[in-house]
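For reference, input34.txt (compact mmCIF, C-alpha atoms):
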```
# COMPACT_ATOMS: atom_id res chain seq x y z
CA MET O 14 -62.81 19.88 -6.00
CA THR O 15 -59.49 19.25 -4.37
CA THR O 16 -56.48 19.17 -6.62
CA THR O 17 -53.39 17.25 -5.76
CA ARG O 18 -50.13 18.89 -6.66
CA ALA O 19 -47.71 16.47 -8.30
CA ARG O 20 -44.77 15.64 -6.11
CA ARG O 21 -41.37 16.56 -7.38
CA PRO O 22 -38.84 13.77 -7.22
CA ALA O 23 -36.57 14.21 -4.25
CA ARG O 24 -33.23 15.69 -5.16
CA ARG O 25 -30.45 13.32 -4.50
CA GLY O 26 -27.78 14.75 -2.25
CA ARG O 27 -24.19 13.66 -1.90
CA PRO O 28 -23.81 9.95 -1.19
CA PRO O 29 -22.85 8.97 2.35
CA GLU O 30 -19.18 8.93 3.25
CA ALA O 31 -19.05 5.13 3.28
CA GLU O 32 -20.54 4.98 -0.21
CA ARG O 33 -18.09 7.56 -1.54
CA ALA O 34 -15.20 5.61 -0.02
CA ALA O 35 -16.45 2.37 -1.58
CA ARG O 36 -16.75 4.02 -4.99
CA ARG O 37 -13.27 5.46 -4.73
CA ASP O 38 -11.86 2.09 -3.69
CA ALA O 39 -13.55 0.40 -6.66
CA LEU O 40 -12.12 3.06 -8.96
CA LEU O 41 -8.60 2.53 -7.60
CA ALA O 42 -8.95 -1.25 -7.89
CA THR O 43 -9.88 -0.82 -11.55
CA ALA O 44 -6.97 1.55 -12.12
CA GLN O 45 -4.58 -0.92 -10.52
CA ARG O 46 -5.72 -3.71 -12.85
CA LEU O 47 -5.15 -1.49 -15.88
CA PHE O 48 -1.76 -0.25 -14.69
CA LEU O 49 -0.65 -3.85 -14.16
CA ARG O 50 -2.02 -4.95 -17.53
CA LEU O 51 -0.96 -2.00 -19.69
CA GLY O 52 1.77 -0.21 -17.77
CA PHE O 53 1.72 3.43 -16.75
CA GLY O 54 2.38 4.90 -20.19
CA ARG O 55 -0.39 3.04 -22.01
CA THR O 56 -3.00 3.45 -19.29
CA THR O 57 -5.21 6.47 -19.91
CA ILE O 58 -7.86 8.25 -17.91
CA ASP O 59 -10.30 7.39 -20.71
CA ALA O 60 -9.52 3.68 -20.34
CA VAL O 61 -9.91 3.77 -16.56
CA ALA O 62 -13.19 5.67 -16.85
CA ALA O 63 -14.56 3.17 -19.37
CA GLU O 64 -13.45 0.15 -17.34
CA ALA O 65 -14.82 1.61 -14.09
CA HIS O 66 -18.05 2.83 -15.73
CA VAL O 67 -17.58 6.38 -14.49
CA ALA O 68 -17.16 9.75 -16.16
CA LYS O 69 -13.67 11.14 -16.69
CA ARG O 70 -14.69 14.16 -14.64
CA THR O 71 -15.42 11.82 -11.73
CA ILE O 72 -11.81 10.62 -11.78
CA TYR O 73 -10.42 14.15 -11.95
CA ASP O 74 -12.71 15.31 -9.14
CA THR O 75 -12.16 12.23 -6.96
CA VAL O 76 -8.45 11.56 -7.43
CA GLY O 77 -6.81 13.86 -9.97
CA ASP O 78 -4.77 13.25 -13.10
CA LYS O 79 -3.04 10.01 -14.12
CA ALA O 80 -0.01 10.61 -11.90
CA ASP O 81 -2.32 11.26 -8.95
CA LEU O 82 -4.20 8.07 -9.80
CA PHE O 83 -1.01 6.01 -9.84
CA VAL O 84 0.11 7.42 -6.49
CA ALA O 85 -3.36 6.77 -5.04
CA VAL O 86 -3.16 3.12 -6.14
CA VAL O 87 0.19 2.78 -4.35
CA ARG O 88 -1.28 4.47 -1.28
CA ARG O 89 -4.24 2.07 -1.37
CA LEU O 90 -1.88 -0.91 -1.27
CA SER O 91 -0.06 0.46 1.76
CA ASP O 92 -3.39 1.30 3.43
CA GLN O 93 -4.43 -2.33 3.03
CA VAL O 94 -1.19 -3.57 4.58
CA LEU O 95 -1.28 -1.16 7.52
CA ALA O 96 -4.96 -1.90 8.15
CA GLU O 97 -4.08 -5.52 8.84
CA LEU O 98 -2.36 -4.55 12.07
CA PRO O 99 -3.30 -1.11 13.40
CA ALA O 100 -0.49 0.49 15.34
CA PRO O 101 -1.06 -0.12 19.05
CA ASP O 102 -0.97 2.90 21.34
CA SER O 103 1.80 1.24 23.31
CA PRO O 104 3.75 -1.36 21.34
CA THR O 105 4.38 -4.39 23.49
CA GLY O 106 7.57 -5.56 21.86
CA ARG O 107 8.83 -8.44 19.80
CA ASP O 108 5.44 -10.09 19.23
CA ASP O 109 3.96 -6.94 17.67
CA LEU O 110 7.02 -6.47 15.50
CA ARG O 111 7.04 -10.10 14.42
CA ASP O 112 3.32 -10.11 13.61
CA PHE O 113 3.50 -6.94 11.56
CA SER O 114 6.67 -8.06 9.77
CA ARG O 115 4.98 -11.28 8.66
CA ILE O 116 1.91 -9.41 7.43
CA LEU O 117 4.09 -6.86 5.65
CA LEU O 118 6.34 -9.39 3.93
CA ALA O 119 3.46 -11.59 2.81
CA ALA O 120 1.62 -8.57 1.38
CA LEU O 121 4.65 -7.20 -0.48
CA LEU O 122 5.40 -10.55 -2.12
CA THR O 123 1.95 -11.01 -3.69
CA ASP O 124 1.64 -10.87 -7.48
CA GLU O 125 -0.18 -7.52 -7.29
CA ALA O 126 2.36 -5.85 -5.01
CA VAL O 127 5.31 -7.17 -7.00
CA GLY O 128 3.73 -5.97 -10.23
CA MET O 129 3.19 -2.50 -8.78
CA LYS O 130 6.77 -2.41 -7.49
CA ARG O 131 8.06 -3.17 -10.99
CA LEU O 132 5.96 -0.30 -12.31
CA MET O 133 7.13 2.07 -9.58
CA ILE O 134 10.77 1.34 -10.36
CA ALA O 135 10.25 1.66 -14.12
CA GLU O 136 8.25 4.86 -14.00
CA ALA O 137 10.32 6.64 -11.35
CA GLY O 138 13.04 7.18 -13.96
CA HIS O 139 10.61 8.39 -16.62
CA PHE O 140 8.54 10.56 -14.32
CA PRO O 141 10.89 11.83 -11.59
CA GLU O 142 8.27 14.33 -10.46
CA ILE O 143 6.20 11.51 -8.97
CA ALA O 144 9.08 9.32 -7.71
CA GLU O 145 9.17 10.91 -4.25
CA ARG O 146 5.39 10.72 -3.95
CA LEU O 147 5.50 7.01 -4.77
CA TYR O 148 8.19 6.43 -2.15
CA ASP O 149 6.35 8.45 0.49
CA ASN O 150 3.10 6.56 -0.08
CA GLY O 151 4.71 3.13 -0.18
CA PRO O 152 8.07 2.18 1.35
CA ARG O 153 8.32 5.17 3.69
CA ARG O 154 5.03 4.26 5.39
CA TYR O 155 6.21 0.70 6.04
CA ILE O 156 9.51 1.92 7.46
CA GLU O 157 7.69 4.36 9.75
CA MET O 158 5.51 1.54 11.07
CA LEU O 159 8.54 -0.63 11.77
CA ARG O 160 10.16 2.37 13.48
CA ALA O 161 7.10 2.79 15.71
CA LEU O 162 7.30 -0.85 16.80
CA LEU O 163 11.04 -0.93 17.56
CA PRO O 164 11.47 1.05 20.84
CA PRO O 165 10.24 -1.70 23.20
CA CYS O 166 12.53 -4.16 21.41
CA LEU O 167 15.59 -1.87 21.57
CA PRO O 168 15.05 0.24 24.71
CA ASP O 169 18.62 1.57 24.78
CA ALA O 170 18.72 2.70 21.14
CA THR O 171 18.86 6.40 20.29
CA PRO O 172 16.25 7.92 17.95
CA ALA O 173 18.83 8.01 15.16
CA GLU O 174 19.68 4.36 15.74
CA LEU O 175 16.00 3.43 15.64
CA ASP O 176 15.61 5.32 12.36
CA SER O 177 18.49 3.50 10.70
CA THR O 178 17.48 0.14 12.17
CA ALA O 179 13.97 0.49 10.75
CA GLU O 180 15.38 1.17 7.28
CA ASP O 181 17.82 -1.74 7.50
CA LEU O 182 15.12 -4.03 8.87
CA PHE O 183 12.78 -3.20 6.00
CA ALA O 184 15.51 -3.95 3.47
CA GLY O 185 16.43 -7.15 5.30
CA LEU O 186 12.87 -8.42 5.45
CA LEU O 187 12.46 -8.11 1.70
CA GLY O 188 15.94 -9.37 0.86
CA GLU O 189 16.45 -12.02 -1.81
CA PRO O 190 12.86 -13.33 -1.66
CA HIS O 191 11.67 -9.97 -2.96
CA ARG O 192 14.41 -9.76 -5.60
CA ARG O 193 13.51 -13.23 -6.89
CA ARG O 194 9.87 -12.22 -7.06
CA LEU O 195 10.75 -9.05 -9.00
CA PHE O 196 12.67 -11.16 -11.53
CA GLY O 197 9.77 -13.58 -11.75
CA VAL O 198 11.85 -16.62 -10.83
CA ALA O 199 10.01 -17.59 -7.63
CA PRO O 200 6.36 -17.96 -6.61
CA ALA O 201 4.81 -16.14 -3.68
CA PRO O 202 6.05 -17.71 -0.43
CA THR O 203 3.92 -19.85 1.82
CA PRO O 204 3.03 -18.54 5.29
CA GLU O 205 5.61 -20.94 6.71
CA GLN O 206 8.34 -19.58 4.43
CA THR O 207 7.39 -16.03 5.33
CA ALA O 208 7.59 -16.83 9.05
CA VAL O 209 11.04 -18.38 8.63
CA GLN O 210 12.32 -15.33 6.73
CA VAL O 211 10.95 -12.91 9.32
CA ASP O 212 12.34 -14.83 12.30
CA ARG O 213 15.74 -15.15 10.64
CA VAL O 214 15.94 -11.43 9.92
CA LEU O 215 14.65 -10.31 13.32
CA ALA O 216 17.29 -12.46 14.98
CA ARG O 217 19.94 -10.29 13.31
CA PHE O 218 18.48 -7.03 14.60
CA LEU O 219 17.07 -7.85 18.03
CA PRO O 220 18.70 -9.19 21.20
CA ALA O 221 18.30 -12.91 21.76
CA GLU O 222 15.13 -13.84 23.58
CA PRO O 223 15.72 -14.99 27.18
```
Would you mind giving the structure from this file in structure tokens?
Amino acid sequence: MTTTRARRPARRGRPPEAERAARRDALLATAQRLFLRLGFGRTTIDAVAAEAHVAKRTIYDTVGDKADLFVAVVRRLSDQVLAELPAPDSPTGRDDLRDFSRILLAALLTDEAVGMKRLMIAEAGHFPEIAERLYDNGPRRYIEMLRALLPPCLPDATPAELDSTAEDLFAGLLGEPHRRRLFGVAPAPTPEQTAVQVDRVLARFLPAEP
């Protein structure tokens, strides 16, 4: 008589990279919602784990502690903005800069981005140890992208001049529209309003078009 040995269930290995990335993104999206709803101080790892239906250990292994989670949420926002317009190998000039500036401004004036900016400002004073990490994973990345797009527009500028122009341009793009959004006295702009703001600011920094 032939006996059949029972098959053992296949051991599940690590999920594919794409699946791990999707899970991490879902976790960060959940954390962002809680940070915006409760603030940094009242958001806990336990609350995020419960809302995301994951174990606390998963959060610690995937991202880190609560400060790491907050920084990762800020990084995710900047990743989403930069993914909209990947940096070209050879920037072609004003059109690239204009396109990216419109994408950037529209993204930073959404309710979610404005809410996160309020939190970043509020928590930087309470948790100075993460302030620089928040800046590096948010504003600094946008400034670096603007800096990468400037050389064809300002071919005679020195590296130091390009650095300072990128910082000034970033501040100029946000300007009063961003301040009004932070104070909650204005809605998110329309695409037409964003385009007008970008064109007006670029005209101050770039030579007139022929």
Interatomic distance between CA of Leu167 (chain O) and CA of Ala119 (chain O)? 24.4 Å
Can you tell me, as a PyMOL selection string, which residues sit within 12 Å of (-13.4, 2.7, -5.8) in the file's frame, using all atoms listed in the file? chain O and resi 31-45+61-62+64-67+71-72+75-76+82+85-86+89
In Å, with one decimal, what is the gap from CA of Arg111 (chain O) to CA of Val211 (chain O)?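 Atom-to-atom, CA of Arg111 (chain O) to CA of Val211 (chain O), that is 7.0 Å.
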Within 7 Å of region 147-159 of chain O, counting all atoms listed in the file, which residues qualify if same-chain residues fewer than 2 places away don't, as an NGL selection string? :O and (84 or 87-88 or 91 or 143-145 or 161-163 or 179-180 or 183)
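Counting from CA of His191 (chain O), the distance to CA of Arg131 (chain O) is 11.1 Å.
If you count all atoms listed in the file and ignore residues fewer than 6 places along the chain from Phe140 (chain O), what sits within 12 Å of it is Phe53, Gly54, Lys79, Ala80, Phe83, Val84, Leu132, Met133, Ile134, Arg146 and Leu147 of chain O.
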Convert the current residue selection to file output with C-alpha atoms, as a PDB file, keeping the file's coordinate frame.
```pdb
ATOM      1  CA  PHE O  53       1.720   3.430 -16.750  1.00  0.00           C
ATOM      2  CA  GLY O  54       2.380   4.900 -20.190  1.00  0.00           C
ATOM      3  CA  LYS O  79      -3.040  10.010 -14.120  1.00  0.00           C
ATOM      4  CA  ALA O  80      -0.010  10.610 -11.900  1.00  0.00           C
ATOM      5  CA  PHE O  83      -1.010   6.010  -9.840  1.00  0.00           C
ATOM      6  CA  VAL O  84       0.110   7.420  -6.490  1.00  0.00           C
ATOM      7  CA  LEU O 132       5.960  -0.300 -12.310  1.00  0.00           C
ATOM      8  CA  MET O 133       7.130   2.070  -9.580  1.00  0.00           C
ATOM      9  CA  ILE O 134      10.770   1.340 -10.360  1.00  0.00           C
ATOM     10  CA  ARG O 146       5.390  10.720  -3.950  1.00  0.00           C
ATOM     11  CA  LEU O 147       5.500   7.010  -4.770  1.00  0.00           C
TER      12      LEU O 147
END
```
Since fewer atoms than expected are present, regenerate N, CA and C atoms for region 60-83 of chain O and write them as a PDB file, keeping the file's coordinate frame.
```
ATOM      1  N   ALA O  60      -9.410   5.135 -20.514  1.00  0.00           N
ATOM      2  CA  ALA O  60      -9.520   3.680 -20.340  1.00  0.00           C
ATOM      3  C   ALA O  60     -10.003   3.338 -18.939  1.00  0.00           C
ATOM      4  N   VAL O  61      -9.481   4.032 -17.941  1.00  0.00           N
ATOM      5  CA  VAL O  61      -9.910   3.770 -16.560  1.00  0.00           C
ATOM      6  C   VAL O  61     -11.383   4.120 -16.397  1.00  0.00           C
ATOM      7  N   ALA O  62     -11.791   5.258 -16.957  1.00  0.00           N
ATOM      8  CA  ALA O  62     -13.190   5.670 -16.850  1.00  0.00           C
ATOM      9  C   ALA O  62     -14.118   4.642 -17.492  1.00  0.00           C
ATOM     10  N   ALA O  63     -13.723   4.153 -18.674  1.00  0.00           N
ATOM     11  CA  ALA O  63     -14.560   3.170 -19.370  1.00  0.00           C
ATOM     12  C   ALA O  63     -14.637   1.866 -18.583  1.00  0.00           C
ATOM     13  N   GLU O  64     -13.492   1.419 -18.073  1.00  0.00           N
ATOM     14  CA  GLU O  64     -13.450   0.150 -17.340  1.00  0.00           C
ATOM     15  C   GLU O  64     -14.221   0.247 -16.022  1.00  0.00           C
ATOM     16  N   ALA O  65     -14.154   1.415 -15.384  1.00  0.00           N
ATOM     17  CA  ALA O  65     -14.820   1.610 -14.090  1.00  0.00           C
ATOM     18  C   ALA O  65     -16.266   2.070 -14.223  1.00  0.00           C
ATOM     19  N   HIS O  66     -16.687   2.362 -15.474  1.00  0.00           N
ATOM     20  CA  HIS O  66     -18.050   2.830 -15.730  1.00  0.00           C
ATOM     21  C   HIS O  66     -18.348   4.129 -14.978  1.00  0.00           C
ATOM     22  N   VAL O  67     -17.390   5.051 -15.078  1.00  0.00           N
ATOM     23  CA  VAL O  67     -17.580   6.380 -14.490  1.00  0.00           C
ATOM     24  C   VAL O  67     -17.176   7.421 -15.524  1.00  0.00           C
ATOM     25  N   ALA O  68     -17.554   8.658 -15.271  1.00  0.00           N
ATOM     26  CA  ALA O  68     -17.160   9.750 -16.160  1.00  0.00           C
ATOM     27  C   ALA O  68     -15.715  10.157 -15.870  1.00  0.00           C
ATOM     28  N   LYS O  69     -15.038  10.644 -16.902  1.00  0.00           N
ATOM     29  CA  LYS O  69     -13.670  11.140 -16.690  1.00  0.00           C
ATOM     30  C   LYS O  69     -13.642  12.210 -15.613  1.00  0.00           C
ATOM     31  N   ARG O  70     -14.649  13.077 -15.629  1.00  0.00           N
ATOM     32  CA  ARG O  70     -14.690  14.160 -14.640  1.00  0.00           C
ATOM     33  C   ARG O  70     -14.742  13.602 -13.232  1.00  0.00           C
ATOM     34  N   THR O  71     -15.370  12.442 -13.053  1.00  0.00           N
ATOM     35  CA  THR O  71     -15.420  11.820 -11.730  1.00  0.00           C
ATOM     36  C   THR O  71     -14.013  11.474 -11.252  1.00  0.00           C
ATOM     37  N   ILE O  72     -13.184  10.971 -12.155  1.00  0.00           N
ATOM     38  CA  ILE O  72     -11.810  10.620 -11.780  1.00  0.00           C
ATOM     39  C   ILE O  72     -11.028  11.870 -11.413  1.00  0.00           C
ATOM     40  N   TYR O  73     -11.143  12.908 -12.239  1.00  0.00           N
ATOM     41  CA  TYR O  73     -10.420  14.150 -11.950  1.00  0.00           C
ATOM     42  C   TYR O  73     -10.882  14.765 -10.632  1.00  0.00           C
ATOM     43  N   ASP O  74     -12.184  14.718 -10.374  1.00  0.00           N
ATOM     44  CA  ASP O  74     -12.710  15.310  -9.140  1.00  0.00           C
ATOM     45  C   ASP O  74     -12.383  14.466  -7.912  1.00  0.00           C
ATOM     46  N   THR O  75     -12.351  13.136  -8.093  1.00  0.00           N
ATOM     47  CA  THR O  75     -12.160  12.230  -6.960  1.00  0.00           C
ATOM     48  C   THR O  75     -10.691  12.032  -6.621  1.00  0.00           C
ATOM     49  N   VAL O  76      -9.857  11.900  -7.656  1.00  0.00           N
ATOM     50  CA  VAL O  76      -8.450  11.560  -7.430  1.00  0.00           C
ATOM     51  C   VAL O  76      -7.503  12.605  -8.028  1.00  0.00           C
ATOM     52  N   GLY O  77      -7.709  12.938  -9.292  1.00  0.00           N
ATOM     53  CA  GLY O  77      -6.810  13.860  -9.970  1.00  0.00           C
ATOM     54  C   GLY O  77      -6.420  13.334 -11.332  1.00  0.00           C
ATOM     55  N   ASP O  78      -5.223  13.699 -11.792  1.00  0.00           N
ATOM     56  CA  ASP O  78      -4.770  13.250 -13.100  1.00  0.00           C
ATOM     57  C   ASP O  78      -4.168  11.848 -13.012  1.00  0.00           C
ATOM     58  N   LYS O  79      -3.527  11.391 -14.106  1.00  0.00           N
ATOM     59  CA  LYS O  79      -3.040  10.010 -14.120  1.00  0.00           C
ATOM     60  C   LYS O  79      -1.940   9.786 -13.091  1.00  0.00           C
ATOM     61  N   ALA O  80      -1.058  10.756 -12.916  1.00  0.00           N
ATOM     62  CA  ALA O  80      -0.010  10.610 -11.900  1.00  0.00           C
ATOM     63  C   ALA O  80      -0.627  10.498 -10.511  1.00  0.00           C
ATOM     64  N   ASP O  81      -1.623  11.337 -10.237  1.00  0.00           N
ATOM     65  CA  ASP O  81      -2.320  11.260  -8.950  1.00  0.00           C
ATOM     66  C   ASP O  81      -2.977   9.895  -8.763  1.00  0.00           C
ATOM     67  N   LEU O  82      -3.525   9.365  -9.855  1.00  0.00           N
ATOM     68  CA  LEU O  82      -4.200   8.070  -9.800  1.00  0.00           C
ATOM     69  C   LEU O  82      -3.202   6.960  -9.473  1.00  0.00           C
ATOM     70  N   PHE O  83      -2.035   7.017 -10.088  1.00  0.00           N
ATOM     71  CA  PHE O  83      -1.010   6.010  -9.840  1.00  0.00           C
ATOM     72  C   PHE O  83      -0.543   6.059  -8.382  1.00  0.00           C
TER      73      PHE O  83
END
```
